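Next comes start.csv, a file with CSV, C-alpha atoms.
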chain,number,residue,atom,x,y,z
A,1368,MET,CA,109.6,96.8,62.1
A,1369,GLU,CA,105.9,97.6,61.4
A,1370,TYR,CA,103.2,95.6,63.0
A,1371,SER,CA,101.9,93.0,60.5
A,1372,GLY,CA,98.8,91.7,62.3
A,1373,ASP,CA,95.2,92.9,62.5
A,1374,HIS,CA,94.9,96.7,63.0
A,1375,ARG,CA,91.4,96.5,64.6
A,1376,PHE,CA,91.0,96.4,68.4
A,1377,ASP,CA,88.3,96.7,71.0
A,1378,VAL,CA,90.5,99.3,72.9
A,1379,ILE,CA,93.7,101.1,72.0
A,1380,ILE,CA,95.7,102.6,74.9
A,1381,VAL,CA,98.1,105.4,74.3
A,1382,GLY,CA,100.8,105.6,76.9
A,1383,ALA,CA,102.4,102.5,78.6
A,1384,GLY,CA,103.3,103.9,82.0
A,1385,VAL,CA,101.8,102.3,85.0
A,1386,MET,CA,98.2,103.5,84.4
A,1387,GLY,CA,98.1,102.5,80.8
A,1388,SER,CA,99.8,99.2,81.5
A,1389,SER,CA,97.4,98.5,84.4
A,1390,ALA,CA,94.4,99.3,82.1
A,1391,ALA,CA,95.8,96.9,79.4
A,1392,TYR,CA,96.0,94.2,82.0
A,1393,GLN,CA,92.5,94.7,83.2
A,1394,LEU,CA,91.1,94.8,79.6
A,1395,ALA,CA,93.0,91.8,78.4
A,1396,LYS,CA,92.0,89.6,81.3
A,1397,ARG,CA,88.4,90.5,80.6
A,1398,GLY,CA,88.7,89.2,77.1
A,1399,HIS,CA,88.9,92.5,75.2
A,1400,LYS,CA,91.2,92.8,72.2
A,1401,THR,CA,93.7,95.4,73.5
A,1402,LEU,CA,96.6,97.3,71.9
A,1403,LEU,CA,99.0,99.2,74.2
A,1404,LEU,CA,101.2,101.8,72.5
A,1405,GLU,CA,104.2,103.6,73.9
A,1406,GLN,CA,106.2,106.4,72.2
A,1407,PHE,CA,109.5,105.4,73.7
A,1408,ASP,CA,111.0,102.0,74.8
A,1409,PHE,CA,109.0,100.1,77.4
A,1410,LEU,CA,110.2,100.8,80.9
A,1411,HIS,CA,112.0,104.0,79.8
A,1412,HIS,CA,113.2,106.7,82.3
A,1413,ARG,CA,111.7,109.8,80.6
A,1414,GLY,CA,108.4,109.8,82.4
A,1415,SER,CA,106.8,109.1,85.7
A,1416,SER,CA,106.7,105.3,86.0
A,1417,HIS,CA,110.3,104.3,86.5
A,1418,GLY,CA,112.7,104.1,89.4
A,1419,GLU,CA,113.0,102.0,92.5
A,1420,SER,CA,110.3,103.0,95.0
A,1421,ARG,CA,106.9,104.5,95.5
A,1422,THR,CA,104.9,104.5,98.7
A,1423,ILE,CA,101.5,103.1,99.3
A,1424,ARG,CA,99.4,104.8,102.0
A,1425,ALA,CA,95.8,105.3,102.9
A,1426,THR,CA,96.4,108.5,104.9
A,1427,TYR,CA,95.0,111.2,102.6
A,1428,PRO,CA,93.6,114.6,103.5
A,1429,GLU,CA,91.2,114.0,100.7
A,1430,ASP,CA,89.0,111.2,102.0
A,1431,TYR,CA,87.8,110.2,98.5
A,1432,TYR,CA,91.1,108.5,97.8
A,1433,TYR,CA,90.7,106.0,100.6
A,1434,THR,CA,88.5,103.6,98.6
A,1435,MET,CA,90.9,103.6,95.7
A,1436,VAL,CA,93.9,102.9,97.9
A,1437,SER,CA,92.1,100.2,99.8
A,1438,GLU,CA,91.0,98.5,96.5
A,1439,SER,CA,94.5,98.9,95.0
A,1440,ALA,CA,96.1,97.2,98.0
A,1441,GLN,CA,94.0,94.1,97.3
A,1442,LEU,CA,94.6,94.3,93.5
A,1443,TRP,CA,98.4,94.6,94.0
A,1444,ALA,CA,98.3,91.3,95.9
A,1445,GLN,CA,96.1,89.7,93.2
A,1446,ALA,CA,98.4,90.7,90.4
A,1447,GLN,CA,101.5,89.5,92.4
A,1448,SER,CA,99.8,86.1,92.8
A,1449,GLU,CA,99.3,85.9,89.0
A,1450,ILE,CA,102.8,86.9,88.1
A,1451,GLY,CA,104.6,85.0,90.9
A,1452,TYR,CA,106.8,87.7,92.4
A,1453,LYS,CA,106.5,90.7,94.7
A,1454,VAL,CA,106.3,94.3,93.7
A,1455,HIS,CA,104.7,95.6,97.0
A,1456,PHE,CA,106.7,95.4,100.3
A,1457,PRO,CA,104.5,96.3,103.2
A,1458,THR,CA,105.5,98.4,106.2
A,1459,GLN,CA,103.9,101.1,108.4
A,1460,GLN,CA,103.1,104.6,107.2
A,1461,PHE,CA,104.0,107.5,109.4
A,1462,ASP,CA,102.7,111.0,108.9
A,1463,MET,CA,103.9,114.0,110.9
A,1464,GLY,CA,103.6,117.7,111.1
A,1465,PRO,CA,102.6,120.7,113.3
A,1466,LYS,CA,99.6,119.8,115.5
A,1467,ASP,CA,97.6,122.6,114.0
A,1468,GLN,CA,98.5,121.8,110.3
A,1469,GLN,CA,95.1,121.4,108.6
A,1470,SER,CA,96.3,118.8,106.0
A,1471,LEU,CA,97.5,116.5,108.8
A,1472,LEU,CA,94.3,117.1,110.8
A,1473,SER,CA,92.4,116.1,107.7
A,1474,VAL,CA,94.5,112.9,107.5
A,1475,VAL,CA,93.3,112.0,111.0
A,1476,ALA,CA,89.7,112.8,110.0
A,1477,THR,CA,90.0,110.5,107.0
A,1478,CYS,CA,91.3,107.7,109.3
A,1479,ARG,CA,88.3,108.2,111.6
A,1480,LYS,CA,85.8,108.4,108.8
A,1481,HIS,CA,86.8,105.1,107.2
A,1482,GLY,CA,87.6,103.2,110.4
A,1483,LEU,CA,91.3,103.0,109.5
A,1484,ALA,CA,93.3,101.9,112.6
A,1485,HIS,CA,95.7,104.7,113.5
A,1486,ARG,CA,97.6,106.1,116.5
A,1487,VAL,CA,98.1,109.8,117.1
A,1488,MET,CA,101.3,110.5,119.1
A,1489,ASP,CA,103.0,113.4,120.7
A,1490,SER,CA,106.7,114.0,120.3
A,1491,LYS,CA,107.8,112.0,123.3
A,1492,THR,CA,105.7,109.0,122.3
A,1493,VAL,CA,107.0,109.2,118.7
A,1494,SER,CA,110.6,109.0,119.9
A,1495,GLU,CA,109.8,106.0,122.1
A,1496,TYR,CA,107.7,104.3,119.5
A,1497,PHE,CA,110.5,104.5,116.9
A,1498,SER,CA,113.4,104.0,119.5
A,1499,GLY,CA,114.8,107.4,118.7
A,1500,ARG,CA,114.9,106.8,114.9
A,1501,ILE,CA,112.3,109.6,114.4
A,1502,ASN,CA,112.1,112.7,116.4
A,1503,ILE,CA,109.6,115.5,116.0
A,1504,PRO,CA,109.3,119.0,117.7
A,1505,GLU,CA,107.1,119.4,120.8
A,1506,ASN,CA,104.4,121.2,118.9
A,1507,TRP,CA,104.1,118.4,116.3
A,1508,ILE,CA,102.1,115.2,116.2
A,1509,GLY,CA,102.7,111.9,114.5
A,1510,VAL,CA,100.1,109.5,113.0
A,1511,SER,CA,101.0,105.8,112.5
A,1512,THR,CA,98.9,103.4,110.4
A,1513,ASP,CA,99.6,99.9,109.2
A,1514,LEU,CA,98.5,100.3,105.6
A,1515,GLY,CA,101.8,101.5,104.1
A,1516,GLY,CA,104.7,100.1,102.1
A,1517,VAL,CA,107.0,100.4,99.2
A,1518,ILE,CA,106.1,99.6,95.6
A,1519,LYS,CA,108.9,98.8,93.1
A,1520,PRO,CA,107.7,101.0,90.1
A,1521,THR,CA,109.7,99.7,87.1
A,1522,LYS,CA,109.1,96.1,88.2
A,1523,ALA,CA,105.4,96.9,88.7
A,1524,VAL,CA,105.0,98.3,85.2
A,1525,SER,CA,106.7,95.3,83.8
A,1526,MET,CA,104.4,93.0,85.8
A,1527,PHE,CA,101.2,94.6,84.3
A,1528,GLN,CA,102.7,94.5,80.8
A,1529,THR,CA,103.6,90.9,81.1
A,1530,LEU,CA,100.2,89.9,82.5
A,1531,ALA,CA,98.5,91.9,79.7
A,1532,LEU,CA,100.6,90.1,77.1
A,1533,LYS,CA,99.8,86.7,78.7
A,1534,ASN,CA,96.1,87.5,78.4
A,1535,GLY,CA,96.4,88.3,74.7
A,1536,ALA,CA,97.1,92.1,74.5
A,1537,VAL,CA,99.3,93.4,71.8
A,1538,LEU,CA,102.2,95.6,73.0
A,1539,ARG,CA,104.1,98.1,70.8
A,1540,ASP,CA,106.8,100.4,72.0
A,1541,ASN,CA,108.7,103.1,70.0
A,1542,THR,CA,105.3,103.9,68.4
A,1543,LYS,CA,104.5,107.5,68.9
A,1544,VAL,CA,100.9,108.5,68.3
A,1545,ALA,CA,100.4,111.5,66.0
A,1546,ASN,CA,96.6,111.9,66.2
A,1547,ILE,CA,93.3,110.3,67.1
A,1548,LYS,CA,90.2,110.9,64.9
A,1549,LYS,CA,86.7,109.7,64.7
A,1550,ASP,CA,86.2,106.9,62.3
A,1551,GLY,CA,83.3,108.1,60.1
A,1552,GLU,CA,83.5,105.4,57.4
A,1553,ASN,CA,83.2,102.1,59.3
A,1554,GLU,CA,81.3,101.1,62.4
A,1555,GLY,CA,82.2,104.2,64.5
A,1556,GLY,CA,85.0,104.2,67.0
A,1557,VAL,CA,88.4,106.0,66.4
A,1558,ILE,CA,91.4,105.9,64.1
A,1559,VAL,CA,94.7,106.1,65.9
A,1560,SER,CA,97.5,107.2,63.6
A,1561,THR,CA,101.3,107.1,64.4
A,1562,VAL,CA,104.1,109.4,63.3
A,1563,LYS,CA,105.3,106.5,61.1
A,1564,GLY,CA,102.0,106.5,59.1
A,1565,GLU,CA,100.4,103.4,60.7
A,1566,LYS,CA,96.7,103.5,61.4
A,1567,PHE,CA,94.8,101.4,64.0
A,1568,HIS,CA,91.1,101.2,64.5
A,1569,GLY,CA,89.7,101.0,68.0
A,1570,LYS,CA,86.1,100.8,69.2
A,1571,LYS,CA,87.4,102.8,72.1
A,1572,CYS,CA,90.6,104.6,73.1
A,1573,ILE,CA,92.3,105.4,76.4
A,1574,VAL,CA,94.9,108.1,76.6
A,1575,THR,CA,97.3,107.8,79.6
A,1576,ALA,CA,100.2,109.8,78.1
A,1577,GLY,CA,101.6,111.2,81.4
A,1578,ALA,CA,103.5,114.5,81.0
A,1579,TRP,CA,102.7,114.4,77.3
A,1580,ILE,CA,98.9,114.2,77.7
A,1581,GLY,CA,98.4,117.9,77.3
A,1582,LYS,CA,100.2,118.1,74.0
A,1583,LEU,CA,98.3,115.1,72.6
A,1584,VAL,CA,94.8,116.3,73.8
A,1585,LYS,CA,95.5,119.7,72.3
A,1586,THR,CA,96.3,118.0,68.9
A,1587,VAL,CA,93.3,115.7,69.1
A,1588,ALA,CA,90.6,117.9,70.5
A,1589,GLY,CA,92.0,121.4,70.4
A,1590,ILE,CA,91.5,121.9,74.2
A,1591,GLU,CA,93.8,122.8,77.0
A,1592,PHE,CA,94.2,119.8,79.3
A,1593,PRO,CA,94.8,121.0,82.8
A,1594,VAL,CA,98.0,119.2,83.6
A,1595,ASP,CA,101.5,120.9,84.1
A,1596,PRO,CA,104.6,118.8,83.6
A,1597,LEU,CA,107.2,119.2,86.3
A,1598,GLU,CA,110.7,117.8,86.6
A,1599,THR,CA,111.4,116.6,90.2
A,1600,THR,CA,114.5,115.1,91.9
A,1601,VAL,CA,114.6,112.2,94.2
A,1602,CYS,CA,117.4,112.1,96.7
A,1603,TYR,CA,119.1,109.2,98.6
A,1604,TRP,CA,121.1,109.8,101.7
A,1605,ARG,CA,123.7,107.7,103.4
A,1606,ILE,CA,122.9,106.2,106.8
A,1607,LYS,CA,125.8,106.5,109.1
A,1608,GLU,CA,127.9,103.5,109.9
A,1609,GLY,CA,126.4,101.3,112.6
A,1610,HIS,CA,122.9,102.5,112.1
A,1611,GLU,CA,122.1,101.0,108.7
A,1612,ASP,CA,119.8,98.2,110.0
A,1613,LYS,CA,117.7,100.7,112.0
A,1614,PHE,CA,116.3,102.3,108.8
A,1615,ALA,CA,115.8,99.1,106.8
A,1616,ILE,CA,112.3,98.1,105.8
A,1617,ASP,CA,112.6,94.7,107.6
A,1618,SER,CA,113.3,96.7,110.8
A,1619,GLU,CA,109.7,98.1,110.6
A,1620,PHE,CA,111.0,101.5,109.7
A,1621,PRO,CA,108.0,103.2,108.0
A,1622,THR,CA,107.3,105.0,104.8
A,1623,PHE,CA,106.7,108.6,105.8
A,1624,ALA,CA,105.4,112.0,105.0
A,1625,SER,CA,106.0,115.3,106.7
A,1626,TYR,CA,103.3,118.0,106.3
A,1627,GLY,CA,104.0,121.7,106.1
A,1628,ALA,CA,106.7,123.6,104.4
A,1629,PRO,CA,108.6,121.8,102.9
A,1630,TYR,CA,106.5,118.7,102.4
A,1631,VAL,CA,109.0,115.9,102.8
A,1632,TYR,CA,108.4,112.3,102.0
A,1633,GLY,CA,110.5,109.1,102.0
A,1634,THR,CA,110.9,105.4,102.2
A,1635,PRO,CA,112.9,103.0,104.4
A,1636,SER,CA,116.2,101.6,103.1
A,1637,LEU,CA,115.3,98.9,100.5
A,1638,GLU,CA,116.6,99.4,97.0
A,1639,TYR,CA,120.0,100.7,98.0
A,1640,PRO,CA,121.4,99.1,101.2
A,1641,GLY,CA,122.6,101.7,103.6
A,1642,LEU,CA,120.8,104.6,101.8
A,1643,ILE,CA,117.4,106.1,102.7
A,1644,LYS,CA,115.2,108.0,100.3
A,1645,VAL,CA,114.2,111.4,101.5
A,1646,ALA,CA,112.9,114.1,99.0
A,1647,VAL,CA,110.8,117.2,98.7
A,1648,HIS,CA,107.4,117.1,97.0
A,1649,GLY,CA,107.9,119.7,94.2
A,1650,GLY,CA,109.7,120.5,91.0
A,1651,TYR,CA,110.2,122.8,88.0
A,1652,LEU,CA,107.7,123.4,85.3
A,1653,CYS,CA,109.1,122.2,82.0
A,1654,ASP,CA,108.4,121.0,78.5
A,1655,PRO,CA,108.7,117.1,78.7
A,1656,ASP,CA,110.5,117.1,75.3
A,1657,LYS,CA,112.9,119.9,76.3
A,1658,ARG,CA,113.8,119.0,79.9
A,1659,PRO,CA,116.5,120.7,81.9
A,1660,TRP,CA,117.6,117.2,83.2
A,1661,GLY,CA,118.4,118.4,86.7
A,1662,PRO,CA,119.0,122.0,87.5
A,1663,GLY,CA,120.2,121.0,90.9
A,1664,VAL,CA,118.7,120.7,94.3
A,1665,LYS,CA,118.4,123.4,97.0
A,1666,LEU,CA,119.2,121.3,100.0
A,1667,GLU,CA,119.5,123.5,103.0
A,1668,GLU,CA,115.9,123.0,104.3
A,1669,LEU,CA,116.0,119.3,103.5
A,1670,LYS,CA,119.3,118.8,105.2
A,1671,GLU,CA,118.0,120.5,108.4
A,1672,TRP,CA,114.8,118.4,108.3
A,1673,ILE,CA,116.9,115.2,108.1
A,1674,LYS,CA,119.2,116.3,110.8
A,1675,GLU,CA,116.3,117.0,113.2
A,1676,ARG,CA,114.1,114.1,112.4
A,1677,PHE,CA,116.6,111.2,112.4
A,1678,GLY,CA,118.7,111.9,115.5
A,1679,GLY,CA,121.9,112.5,113.6
A,1680,MET,CA,122.0,108.9,112.3
A,1681,VAL,CA,121.8,110.0,108.6
A,1682,ASP,CA,124.6,111.9,106.9
A,1683,THR,CA,123.4,115.3,105.8
A,1684,GLU,CA,126.5,116.4,103.9
A,1685,GLY,CA,124.5,115.8,100.7
A,1686,PRO,CA,122.6,113.1,98.8
A,1687,VAL,CA,124.9,110.3,97.5
A,1688,ALA,CA,122.5,109.4,94.7
A,1689,THR,CA,119.7,111.3,92.8
A,1690,GLN,CA,117.1,110.3,90.3
A,1691,LEU,CA,115.0,112.5,88.0
A,1692,CYS,CA,111.3,112.0,87.4
A,1693,MET,CA,108.4,113.7,85.8
A,1694,TYR,CA,105.3,114.9,87.6
A,1695,SER,CA,102.2,115.7,85.7
A,1696,MET,CA,100.1,117.9,88.1
A,1697,THR,CA,96.6,119.3,87.9
A,1698,PRO,CA,95.9,122.7,89.7
A,1699,ASP,CA,94.3,120.8,92.6
A,1700,GLU,CA,96.6,117.8,92.5
A,1701,ASP,CA,93.7,115.5,91.9
A,1702,PHE,CA,93.5,113.1,89.0
A,1703,VAL,CA,91.6,113.5,85.7
A,1704,ILE,CA,89.7,110.3,84.8
A,1705,ASP,CA,86.9,111.1,82.4
A,1706,PHE,CA,85.6,110.9,78.8
A,1707,LEU,CA,87.2,113.4,76.4
A,1708,GLY,CA,83.7,114.3,75.2
A,1709,GLY,CA,83.0,116.7,72.3
A,1710,GLU,CA,82.9,114.9,69.0
A,1711,PHE,CA,84.4,111.8,70.6
A,1712,GLY,CA,81.6,111.4,73.2
A,1713,LYS,CA,82.5,108.3,75.2
A,1714,ASP,CA,84.8,106.8,72.6
A,1715,VAL,CA,88.0,108.4,74.2
A,1716,VAL,CA,88.8,108.1,77.9
A,1717,VAL,CA,91.5,110.3,79.3
A,1718,GLY,CA,93.6,109.7,82.5
A,1719,GLY,CA,96.1,112.2,83.7
A,1720,GLY,CA,97.4,114.3,86.6
A,1721,PHE,CA,98.5,111.2,88.5
A,1722,SER,CA,102.1,112.1,89.3
A,1723,GLY,CA,103.2,113.0,92.8
A,1724,HIS,CA,100.9,110.5,94.5
A,1725,GLY,CA,99.0,108.3,92.0
A,1726,PHE,CA,101.3,105.3,91.5
A,1727,LYS,CA,99.9,103.4,94.5
A,1728,MET,CA,96.4,103.6,93.0
A,1729,ALA,CA,97.4,102.2,89.6
A,1730,PRO,CA,95.5,98.9,89.9
A,1731,ALA,CA,92.2,100.7,90.8
A,1732,VAL,CA,92.8,103.4,88.1
A,1733,GLY,CA,93.4,100.7,85.5
A,1734,ARG,CA,90.1,99.0,86.4
A,1735,ILE,CA,88.2,102.3,86.3
A,1736,LEU,CA,89.7,103.2,82.9
A,1737,ALA,CA,88.9,99.8,81.5
A,1738,GLU,CA,85.3,100.0,82.7
A,1739,LEU,CA,84.8,103.5,81.4
A,1740,ALA,CA,86.0,102.4,78.0
A,1741,THR,CA,84.0,99.2,77.7
A,1742,GLU,CA,80.9,99.8,79.8
A,1743,GLY,CA,80.6,103.6,79.8
A,1744,GLU,CA,80.7,103.8,83.6
A,1745,ALA,CA,82.9,102.7,86.5
A,1746,GLY,CA,81.8,100.6,89.5
A,1747,GLY,CA,83.6,99.8,92.7
A,1748,GLY,CA,82.2,102.6,94.8
A,1749,VAL,CA,84.7,105.2,93.8
A,1750,GLU,CA,83.4,108.8,93.7
A,1751,MET,CA,84.2,110.0,90.1
A,1752,LYS,CA,83.0,113.6,90.4
A,1753,GLN,CA,86.3,114.7,91.9
A,1754,PHE,CA,88.1,113.4,88.8
A,1755,SER,CA,85.9,115.1,86.2
A,1756,LEU,CA,87.7,117.0,83.4
A,1757,ARG,CA,84.8,119.5,83.4
A,1758,ARG,CA,85.5,120.6,87.0
A,1759,PHE,CA,88.0,123.1,85.7
A,1760,GLU,CA,85.3,124.8,83.7
A,1761,GLU,CA,83.5,125.7,86.9
A,1762,ASN,CA,86.6,126.6,88.8
A,1763,PRO,CA,90.1,126.9,87.1
A,1764,LYS,CA,91.6,125.7,90.4
A,1765,GLY,CA,89.5,122.5,90.4
A,1766,ASN,CA,88.3,120.9,93.6
A,1767,ALA,CA,88.1,123.3,96.6
A,1768,LYS,CA,90.2,122.3,99.6
A,1769,GLU,CA,90.4,123.6,103.1
A,1770,TYR,CA,94.2,123.3,103.4
A,1771,PRO,CA,97.2,124.7,101.4
A,1772,ASP,CA,98.8,123.1,98.4
A,1773,GLN,CA,101.6,120.6,99.2
A,1774,VAL,CA,103.5,120.7,96.0
A,1775,ILE,CA,106.3,123.3,95.8
A,1776,LEU,CA,107.0,124.8,92.4
A,1777,GLY,CA,110.5,126.0,91.5
A,1778,SER,CA,111.7,126.8,95.0
A,1779,CYS,CA,112.6,123.4,96.4
A,1780,LEU,CA,114.6,122.1,93.5
Let me see the structure of the file written as structure tokens.
Amino acid sequence: MEYSGDHRFDVIIVGAGVMGSSAAYQLAKRGHKTLLLEQFDFLHHRGSSHGESRTIRATYPEDYYYTMVSESAQLWAQAQSEIGYKVHFPTQQFDMGPKDQQSLLSVVATCRKHGLAHRVMDSKTVSEYFSGRINIPENWIGVSTDLGGVIKPTKAVSMFQTLALKNGAVLRDNTKVANIKKDGENEGGVIVSTVKGEKFHGKKCIVTAGAWIGKLVKTVAGIEFPVDPLETTVCYWRIKEGHEDKFAIDSEFPTFASYGAPYVYGTPSLEYPGLIKVAVHGGYLCDPDKRPWGPGVKLEELKEWIKERFGGMVDTEGPVATQLCMYSMTPDEDFVIDFLGGEFGKDVVVGGGFSGHGFKMAPAVGRILAELATEGEAGGGVEMKQFSLRRFEENPKGNAKEYPDQVILGSCL
């Protein structure tokens, strides 16, 4: 059924994943007439904002993410108070890896720079600290911090959409955008047209189309957007009988990340009792409209990692459940949050490349996108230069980093 209301808005958002939905919430609560468009059903499973768990952590090798994570932790709590239920479940964050691993050493440097309370431990201390639930080699170190936890992604997206709706936003799913053009006949702004022939006028537009952002930006502006879509697989492993409670979130078992090859991450048992989420950060390049839908998972390295880390208390025969998800990755794994520029100037804001680690920062990203669209700049003390679209013109690899890439392409899945 076609929308029968007013087709003129202050801001039109294309893409209703967590970033677009968070931006819609921020705009609507500030009194801006907002339209949120989604090409599929709301809360669909084809993109990057579905599933049962994401981690929140402030331990980044790149210290410029700390401000966004810290702000987001506060904004998650604020949104929860407005909706009346929880989407963020706090616990510790634990990072581990070889003691000479540059990424992990940069994590420690980030903690020190920002005054984030942390504890660096050797292998013996780690085993004692976690009562044998986590064990690391003698040449590894562990870093424990309190700012960690699990976010429920589908529930969180629903929260932002509900709050946006309560604040007056218009939400439309199954509405695929075909093009965005400058409005040269009226008062400026843009015309957003759909594949069904509908046209919406927006003073401003925000594009948060996830794995599809490259295709849409190519159509709209004729430029290559530096984001690669990847299909990744999340694995859940059975905790052996009698040990289930040791790995539950209410037993203070942490969210965790293991630096090096492979880069392994996971969450305590929460969404599926008796199962623990442990996966490898990586995936296969793919066309989001022609996905392989799971070519299988190469498990040998991951099985060995689980066997060594968890003291034999997790069954490594194979994952008992898997979920597929899309990453949208820039060459440097940093976000793109910028104006599209060109003929659009500051009328179109683009946000992409969030997948793999961005979900936790959705509240801050939503605020930034909203402010860029309505005020032409973003406050909050976040350094925006690292997220510039133009950084790839100077260096195709983007932001220079002193440590190796963490994401693994095509070899871990």
Distance criterion (all atoms listed in the file): nearest to Glu1611 (chain A) out of A:Lys1570, A:His1399, A:Arg1500, A:Arg1375: A:Arg1500
For region 1389-1395 of chain A, find every residue with an atom within 8 Å (counting only C-alpha atoms), except residues of its own chain fewer than 3 positions away, and show them as a PDB file with C-alpha atoms, keeping the file's coordinate frame.
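Heads up, here's the output in selection36.pdb:
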ATOM      1  CA  ILE A1380      95.700 102.600  74.900  1.00  0.00           C
ATOM      2  CA  VAL A1385     101.800 102.300  85.000  1.00  0.00           C
ATOM      3  CA  MET A1386      98.200 103.500  84.400  1.00  0.00           C
ATOM      4  CA  GLY A1398      88.700  89.200  77.100  1.00  0.00           C
ATOM      5  CA  HIS A1399      88.900  92.500  75.200  1.00  0.00           C
ATOM      6  CA  LYS A1400      91.200  92.800  72.200  1.00  0.00           C
ATOM      7  CA  THR A1401      93.700  95.400  73.500  1.00  0.00           C
ATOM      8  CA  LEU A1402      96.600  97.300  71.900  1.00  0.00           C
ATOM      9  CA  LEU A1403      99.000  99.200  74.200  1.00  0.00           C
ATOM     10  CA  VAL A1524     105.000  98.300  85.200  1.00  0.00           C
ATOM     11  CA  PHE A1527     101.200  94.600  84.300  1.00  0.00           C
ATOM     12  CA  GLN A1528     102.700  94.500  80.800  1.00  0.00           C
ATOM     13  CA  LEU A1530     100.200  89.900  82.500  1.00  0.00           C
ATOM     14  CA  ALA A1531      98.500  91.900  79.700  1.00  0.00           C
ATOM     15  CA  LEU A1532     100.600  90.100  77.100  1.00  0.00           C
ATOM     16  CA  ASN A1534      96.100  87.500  78.400  1.00  0.00           C
ATOM     17  CA  GLY A1535      96.400  88.300  74.700  1.00  0.00           C
ATOM     18  CA  ALA A1536      97.100  92.100  74.500  1.00  0.00           C
ATOM     19  CA  ALA A1729      97.400 102.200  89.600  1.00  0.00           C
ATOM     20  CA  PRO A1730      95.500  98.900  89.900  1.00  0.00           C
ATOM     21  CA  VAL A1732      92.800 103.400  88.100  1.00  0.00           C
ATOM     22  CA  GLY A1733      93.400 100.700  85.500  1.00  0.00           C
ATOM     23  CA  ARG A1734      90.100  99.000  86.400  1.00  0.00           C
ATOM     24  CA  LEU A1736      89.700 103.200  82.900  1.00  0.00           C
ATOM     25  CA  ALA A1737      88.900  99.800  81.500  1.00  0.00           C
TER      26      ALA A1737
END
Could you give me, as a PyMOL selection string, the residues that have an atom at most 12 Å away from the point (95.6, 119.7, 73.5) in the coordinates of the file, using only C-alpha atoms? chain A and resi 1546-1547+1576+1579-1594+1707+1717
Within 9 Å of Phe1711 (chain A), counting all atoms listed in the file, which residues show up once you throw out same-chain ones fewer than 3 positions away? Write them as JSON, numbers by chain, please. {"A": [1548, 1549, 1556, 1557, 1588, 1706, 1707, 1708, 1714, 1715]}
For each of A:Gln1469, A:Ser1625, A:Gln1753, A:Ser1695, take the minimum atom-to-atom distance to His1724 (chain A), counting all atoms listed in the file, then give the residue where this is smallest.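 So, comparing all the options, the nearest one is A:Ser1695.
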Distance query Ile1606 (chain A) at most 12 Å, all atoms listed in the file, self and fewer than 5 positions along chain excluded, as a VMD selection string: chain A and resid 1500 1611 to 1615 1635 to 1636 1639 to 1645 1673 to 1674 1677 to 1687
Those same residues, written as a PDB file, keeping the file's coordinate frame with C-alpha atoms?
ATOM      1  CA  ARG A1500     114.900 106.800 114.900  1.00  0.00           C
ATOM      2  CA  GLU A1611     122.100 101.000 108.700  1.00  0.00           C
ATOM      3  CA  ASP A1612     119.800  98.200 110.000  1.00  0.00           C
ATOM      4  CA  LYS A1613     117.700 100.700 112.000  1.00  0.00           C
ATOM      5  CA  PHE A1614     116.300 102.300 108.800  1.00  0.00           C
ATOM      6  CA  ALA A1615     115.800  99.100 106.800  1.00  0.00           C
ATOM      7  CA  PRO A1635     112.900 103.000 104.400  1.00  0.00           C
ATOM      8  CA  SER A1636     116.200 101.600 103.100  1.00  0.00           C
ATOM      9  CA  TYR A1639     120.000 100.700  98.000  1.00  0.00           C
ATOM     10  CA  PRO A1640     121.400  99.100 101.200  1.00  0.00           C
ATOM     11  CA  GLY A1641     122.600 101.700 103.600  1.00  0.00           C
ATOM     12  CA  LEU A1642     120.800 104.600 101.800  1.00  0.00           C
ATOM     13  CA  ILE A1643     117.400 106.100 102.700  1.00  0.00           C
ATOM     14  CA  LYS A1644     115.200 108.000 100.300  1.00  0.00           C
ATOM     15  CA  VAL A1645     114.200 111.400 101.500  1.00  0.00           C
ATOM     16  CA  ILE A1673     116.900 115.200 108.100  1.00  0.00           C
ATOM     17  CA  LYS A1674     119.200 116.300 110.800  1.00  0.00           C
ATOM     18  CA  PHE A1677     116.600 111.200 112.400  1.00  0.00           C
ATOM     19  CA  GLY A1678     118.700 111.900 115.500  1.00  0.00           C
ATOM     20  CA  GLY A1679     121.900 112.500 113.600  1.00  0.00           C
ATOM     21  CA  MET A1680     122.000 108.900 112.300  1.00  0.00           C
ATOM     22  CA  VAL A1681     121.800 110.000 108.600  1.00  0.00           C
ATOM     23  CA  ASP A1682     124.600 111.900 106.900  1.00  0.00           C
ATOM     24  CA  THR A1683     123.400 115.300 105.800  1.00  0.00           C
ATOM     25  CA  GLU A1684     126.500 116.400 103.900  1.00  0.00           C
ATOM     26  CA  GLY A1685     124.500 115.800 100.700  1.00  0.00           C
ATOM     27  CA  PRO A1686     122.600 113.100  98.800  1.00  0.00           C
ATOM     28  CA  VAL A1687     124.900 110.300  97.500  1.00  0.00           C
TER      29      VAL A1687
END
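Distances here use all atoms listed in the file; by that measure, the residue among A:Tyr1770, A:Trp1507, A:Tyr1694, A:Phe1497 closest to Ser1415 (chain A) is A:Tyr1694.
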Can you pull out every residue within 12 Å of Met1526 (chain A), counting all atoms listed in the file, but drop anything in the same chain fewer than 5 positions away, and send it as an MDAnalysis selection string? chainID A and resid 1384:1385 1388:1389 1391:1392 1409:1410 1443:1455 1518:1521 1531:1533 1730
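Of the listed residues (A:Pro1621, A:Phe1726, A:Ile1501, A:Ile1704), A:Ile1704 comes nearest to Arg1757 (chain A); the distances count only C-alpha atoms.
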So which one's closest to Val1559 (chain A), A:Arg1397, A:Arg1486, A:His1374, A:His1411? Using all atoms listed in the file, please. A:His1374
